[in-house]
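Comments concern the structure below.
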Amino acid sequence: MNGSILGNRVIRTEDPELLTAGGRYVADLGLTDVVHAVFVRSIDAHARILSIDTSEAVTAPGVVAVLTAAELGVEPHHGFVPVGPAFAHTPLASEVVRYVGEPVAMVLASSFAEAVDAAEAVIVETEPLEVVVDPESSFTAGRIFEGVEHNLALSVVDPESDVLAGADRVIRGRYVNQRVAAAPMEPNSCAAVPAGHPDGDPERLVFHAANQMPHGLQAALAKALGRSRSDVRVITPHVGGGFGAKAGLCHENTAVAAAAELLGRAVTWTETRSENMVALVHSRAQVQYCELGVKEDGTFTGLRARVVGDAGAYPNVGAMLPAGTKRMSHGTYTFPAIRFDVAVGITNTTPTGAYRGAGRPEAAALLERLVDQAAIELDMDPLEIRRKNFLTPDRFPFTTLTGVTYDSGDYAATMDHAAGLAGYTELRAEQARRREAGDRIQLGIGVASYVEVTSGGGGKEFGAVEIHADGSATMRAGTSAHGQGHQTSYAMLVSEQTGIPVDRIRLVQSDTDLVPRGGGTGGSRSLQLAGSAVREATEQVVVSARELAAELLEANVDDIVVDTEHGTVGVAGVPAKAMTWSALATEAETREVTLAAQIDFEQADGTFPFGTHISVVEVDLDTGRVEMLRHVGIDDAGTVINELIFEGQQQGGIAQGVAQALYEEVVFDDAGNPITANFMDYGVPSAAEFSSFEAGHTVTPTPLNPLGAKGIGEAATIGSTPAIQNAVIDAVSHLGIRHIDMPCTPRRVWEAVAAAEAGSPPEPWREPPAIFDLLVERARDSGDDGSDAGDAAADAAESI
């Protein structure tokens, strides 16, 4: 360990509770006088509701009530982020269902099993309507919402210009960034306790939820129920994974809360896994038409992109993520010009939302696919073409063509580090040997360099510290950890200045009564905002402690120092008279003061982590099977507070990147039926499918906060996904293959190899849908390119 606790591998103090019976989730609350909610969900992707017969269900054993939209009495409202007034809807569908899994009725019973049995007795009679599953087809299909032309949830077009005019050649690709499910270990879950209930509050609704942003949920739920914010208390217990999908208000939350108030009883609800796969928001879901202008020497001359997004049935934050993709499309490179248009379609599928990275992985994926494709077509090494076009360190802070300002960066440093660790030169030599020998097991080396934004647009966060008479300390923060290691990381910042052991410092969070305000956890914002708030609150506590010690020891405050090795405060050079924190806090109490401080730290702008990932795979040309051999990830998120936690985020991020690149995909049939609605059909990999991950980092601090820290929570997913995909394609590129869509399953790889060996490698490009020409024409005629809406959408996307 170095002289400071910061930067070291401090074991997480929150883990024993999470790994033993001490952890408590919504399903563990043990509420009294509780009823269990089960939702009757639509089996139609798009249909008009003719009738809902609940007569048999209401008489079933244990049933307390069966509610439809009329009985629940909740007005239409938005979920996490409003996109447009047309898309507000009631928690239970009343007239039209728009995706398989949409709630239609709600059964409340004394036990979960009784609620499930009764739900099966509810009969919903419907009239089928036209079903649209493909977002590219949605623009010419019948309207899903009255008054919404072309089923267009959101669109942004850049001014007309030929950004490819100066190119010697143009690299073109159509890339599908497939729809995926967050699939958290704990499904969505909540419990509502009405006013006057013995487990609640005499005058207010108490709402427990598996959620990432309790204060945001409090505001949204209160608004949906027609209450003031002070009428609702939100408590988030332990949460078994969120990844962005548990951010904000879902309509089941509103239904559970309204039902509790209607019945005057506590109501609890936890999804089944199959429910979770159709009801919790999906993500990614983009089709990207990309063109890169290049000179023969590999210099980039311009980027042209047209991206189709899929909002699902009820446009929410997922509809905004392609605008975030556009905002990060400048990437790590020098571009003279960028033109990027977005069209987000509405479909009869599960609504889309945020998932680890939320728009930024899609930007890195399209860029890194284009760059690798350009390297193949120009016969350049992937490292060489990147190095030739990287933004150099002397250009920071750098304002991109898409309007964001990168704070700091050294992109070549992470690439050189990754290449050295991977043994890149030796890998290329082995690849050449196998190709020369005609081996049927080919080696692929994939490279991806990325930059992303964390705490987009900056932001404000609450932090507080108090030292107690027993010498321990309590921190409060407006973030809401669900496995990230906040308690340990924040405690290290307190310990660094006080010497109080990390295991004697406790974090209070995720309760709107105990923490007055907060932005929750999302967008990799927590350490840089709440960590900085805790650090500065600790500084204020130390100032107060030094002043008190000076008075008690009859010394000049300038002579008072904190001995962090021994955890004492005293006169410099006189350790025998130094006071412990316990003694100081006890003295403070006798004077009716506390050693405490709270602040709201504000950061002026977002920070921009970056890195390079190199993945090594083997591809069996006869079966299409892909085997991971190695994965090297070098990420730079500024100052590292705890190496162990930093690496944990890298490892988890890489795992989710591998999962998307090779295994995961949500699929619907033409009638809108989900055919990947459980873990038998949806390919979540286990540790057995992964190689070992070699994670490292460089350090390029940000000037925007006192820690110099950027976010690491999503970075490794953003870098790993295209690196793995590029590795698979690299392994077969000598056959003339230029692109294979994710997930790179054995079937997809085998089909591409078979076609290439038959003389017809798959074509990587086709023309974009006509909606983009229509949008350009509309913008030309009206003068409105949708940029204001696009900026607002990108701002929302960056906050997740």
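Residue names in the structure tokens use chain letters A, B, ... in the order shown, residue numbers from 1 in each chain, and ligand numbers from 1 in the order shown.
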Please provide the set of residues having any atom within 6 Å of range 452-467 of chain A, restricted to only C-alpha atoms, with same-chain residues fewer than 5 positions apart removed, written as a ChimeraX atom specification.
/A:472-478,518,523-525,529-530,533-534,537,595-609,711,798-799
Just list as number ranges by chain whatever in range 252-305 of chain A DSSP marks as strand (DSSP E or B).
A: 266-270, 282-294, 300-305
Please report, as a Markdown table, each residue of range 308-387 of chain A lying at most 10 Å from range 670-688 of chain A, together with the nearest pair of atoms and the separation in Å rounded to one decimal; use only C-alpha atoms, and order rows by chain and ascending residue number.
```
| residue | atom | partner | partner_atom | distance |
| --- | --- | --- | --- | --- |
| A:Thr347 | CA | A:Gly672 | CA | 9.1 |
| A:Asn348 | CA | A:Gly672 | CA | 6.4 |
| A:Thr349 | CA | A:Gly672 | CA | 6.5 |
| A:Thr350 | CA | A:Pro674 | CA | 9.0 |
```
Tell me, as a ChimeraX atom specification, which residues lie within 12 Å of Phe398 in chain A, counting only C-alpha atoms; anything in the same chain fewer than 2 positions away does not count.
/A:330-334,391-396,400-410,607-608
Could you state the separation of CA of Gly567 in chain A and CA of Thr586 in chain A in Å, given to one decimal place?
15.2 Å
I'd like the neighbourhood of Asn276 in chain A as a ChimeraX atom specification, where a residue qualifies if any of its atoms comes within 12 Å (using only C-alpha atoms), though same-chain residues fewer than 6 positions away should be ignored.
/A:39,41,101-102,181-189,245-246,252,270,282,350,674,676-679
With N, CA, C and O atoms retained, could you export that selection as an mmCIF file, in the first residue's frame?
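Contents of the output file out10.cif:
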```
data_model
loop_
_atom_site.group_PDB
_atom_site.id
_atom_site.type_symbol
_atom_site.label_atom_id
_atom_site.label_comp_id
_atom_site.auth_asym_id
_atom_site.auth_seq_id
_atom_site.Cartn_x
_atom_site.Cartn_y
_atom_site.Cartn_z
ATOM 1 N N PHE A 39 -49.991 -9.362 -12.382
ATOM 2 C CA PHE A 39 -50.590 -8.667 -13.517
ATOM 3 C C PHE A 39 -51.056 -9.658 -14.574
ATOM 4 O O PHE A 39 -50.344 -10.620 -14.903
ATOM 5 N N ARG A 41 -51.378 -10.006 -18.264
ATOM 6 C CA ARG A 41 -50.676 -9.312 -19.353
ATOM 7 C C ARG A 41 -51.220 -9.737 -20.719
ATOM 8 O O ARG A 41 -51.665 -10.872 -20.905
ATOM 9 N N GLY A 101 -47.307 -8.575 -23.250
ATOM 10 C CA GLY A 101 -46.782 -8.316 -21.922
ATOM 11 C C GLY A 101 -47.324 -7.053 -21.298
ATOM 12 O O GLY A 101 -47.090 -6.792 -20.113
ATOM 13 N N GLU A 102 -48.082 -6.245 -22.065
ATOM 14 C CA GLU A 102 -48.650 -5.024 -21.485
ATOM 15 C C GLU A 102 -49.704 -5.390 -20.437
ATOM 16 O O GLU A 102 -50.588 -6.203 -20.696
ATOM 17 N N ALA A 181 -31.813 -7.629 -23.480
ATOM 18 C CA ALA A 181 -32.509 -7.477 -22.202
ATOM 19 C C ALA A 181 -31.486 -7.260 -21.094
ATOM 20 O O ALA A 181 -30.408 -7.867 -21.109
ATOM 21 N N ALA A 182 -31.830 -6.412 -20.127
ATOM 22 C CA ALA A 182 -30.911 -6.170 -19.015
ATOM 23 C C ALA A 182 -30.746 -7.415 -18.146
ATOM 24 O O ALA A 182 -29.658 -7.672 -17.619
ATOM 25 N N ALA A 183 -31.795 -8.182 -17.985
ATOM 26 C CA ALA A 183 -31.773 -9.442 -17.252
ATOM 27 C C ALA A 183 -31.069 -9.348 -15.897
ATOM 28 O O ALA A 183 -30.156 -10.115 -15.604
ATOM 29 N N PRO A 184 -31.465 -8.417 -15.031
ATOM 30 C CA PRO A 184 -30.832 -8.333 -13.716
ATOM 31 C C PRO A 184 -31.131 -9.575 -12.883
ATOM 32 O O PRO A 184 -32.153 -10.245 -13.086
ATOM 33 N N MET A 185 -30.249 -9.880 -11.954
ATOM 34 C CA MET A 185 -30.451 -11.068 -11.115
ATOM 35 C C MET A 185 -31.779 -10.990 -10.365
ATOM 36 O O MET A 185 -32.506 -11.983 -10.258
ATOM 37 N N GLU A 186 -32.101 -9.821 -9.835
ATOM 38 C CA GLU A 186 -33.396 -9.600 -9.192
ATOM 39 C C GLU A 186 -34.343 -8.983 -10.212
ATOM 40 O O GLU A 186 -34.079 -7.900 -10.732
ATOM 41 N N PRO A 187 -35.474 -9.626 -10.514
ATOM 42 C CA PRO A 187 -36.440 -8.991 -11.419
ATOM 43 C C PRO A 187 -36.992 -7.701 -10.805
ATOM 44 O O PRO A 187 -36.730 -7.377 -9.648
ATOM 45 N N ASN A 188 -37.792 -6.994 -11.577
ATOM 46 C CA ASN A 188 -38.397 -5.764 -11.081
ATOM 47 C C ASN A 188 -39.280 -6.074 -9.875
ATOM 48 O O ASN A 188 -39.949 -7.113 -9.839
ATOM 49 N N SER A 189 -39.302 -5.166 -8.906
ATOM 50 C CA SER A 189 -39.983 -5.478 -7.654
ATOM 51 C C SER A 189 -40.314 -4.195 -6.905
ATOM 52 O O SER A 189 -39.532 -3.238 -6.933
ATOM 53 N N ALA A 245 -31.906 -0.277 -16.521
ATOM 54 C CA ALA A 245 -33.290 -0.682 -16.763
ATOM 55 C C ALA A 245 -34.191 -0.398 -15.568
ATOM 56 O O ALA A 245 -35.416 -0.330 -15.710
ATOM 57 N N LYS A 246 -33.613 -0.250 -14.370
ATOM 58 C CA LYS A 246 -34.410 0.043 -13.181
ATOM 59 C C LYS A 246 -34.323 1.516 -12.796
ATOM 60 O O LYS A 246 -34.532 1.876 -11.638
ATOM 61 N N GLU A 252 -46.022 -0.362 -13.609
ATOM 62 C CA GLU A 252 -46.397 -1.305 -12.553
ATOM 63 C C GLU A 252 -46.207 -0.681 -11.169
ATOM 64 O O GLU A 252 -46.977 -0.972 -10.244
ATOM 65 N N THR A 270 -43.401 -8.786 -7.238
ATOM 66 C CA THR A 270 -42.100 -9.125 -7.805
ATOM 67 C C THR A 270 -42.333 -9.941 -9.068
ATOM 68 O O THR A 270 -43.090 -10.927 -9.047
ATOM 69 N N HIS A 282 -36.206 -3.180 -22.690
ATOM 70 C CA HIS A 282 -35.067 -3.684 -23.448
ATOM 71 C C HIS A 282 -34.194 -2.496 -23.860
ATOM 72 O O HIS A 282 -34.521 -1.344 -23.569
ATOM 73 N N THR A 350 -41.846 -4.719 -26.625
ATOM 74 C CA THR A 350 -41.541 -4.171 -25.307
ATOM 75 C C THR A 350 -40.844 -2.819 -25.448
ATOM 76 O O THR A 350 -39.916 -2.683 -26.255
ATOM 77 N N PRO A 674 -42.831 -12.680 -28.285
ATOM 78 C CA PRO A 674 -41.428 -12.830 -27.889
ATOM 79 C C PRO A 674 -41.044 -14.304 -27.867
ATOM 80 O O PRO A 674 -41.744 -15.126 -27.280
ATOM 81 N N THR A 676 -37.842 -15.210 -27.012
ATOM 82 C CA THR A 676 -36.674 -15.307 -26.129
ATOM 83 C C THR A 676 -37.074 -14.846 -24.733
ATOM 84 O O THR A 676 -36.394 -14.027 -24.116
ATOM 85 N N ALA A 677 -38.174 -15.378 -24.221
ATOM 86 C CA ALA A 677 -38.774 -14.850 -22.995
ATOM 87 C C ALA A 677 -38.370 -15.617 -21.747
ATOM 88 O O ALA A 677 -39.009 -15.474 -20.705
ATOM 89 N N ASN A 678 -37.320 -16.419 -21.821
ATOM 90 C CA ASN A 678 -36.793 -17.077 -20.625
ATOM 91 C C ASN A 678 -35.332 -17.420 -20.889
ATOM 92 O O ASN A 678 -34.825 -17.246 -22.008
ATOM 93 N N PHE A 679 -34.656 -17.915 -19.864
ATOM 94 C CA PHE A 679 -33.227 -18.170 -19.997
ATOM 95 C C PHE A 679 -32.927 -19.472 -20.748
ATOM 96 O O PHE A 679 -31.760 -19.771 -21.011
#
```
Picked from range 370-592 of chain A by DSSP as alpha helix (DSSP H), as a PyMOL selection string:
chain A and resi 370-378+382-389+411-422+424-437+486-498+526+532-553+581-590
Between A:Gly312, A:Gly200, A:Pro135, A:Pro722, which has the minimum distance to Arg98 in chain A (counting only C-alpha atoms)?
A:Gly312
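Taking CA of Ala585 in chain A as the reference point, CA of Asp511 in chain A is found at 25.7 Å.
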Got a sec: who's within 12 Å of Gln656 in chain A, counting only C-alpha atoms, leaving out chain neighbours fewer than 5 positions off, as a PyMOL selection string?
chain A and resi 180-184+243+355-357+361+649-651+661-664+683-687+689-690+713-722+724
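Interatomic distance, CA of Gly293 in chain A against CA of Gly324 in chain A: 22.4 Å.
Distance check against His468 in chain A using only C-alpha atoms: of A:Val287, A:Ile500, A:Ala758, A:Ala752, the minimum falls on A:Ile500.
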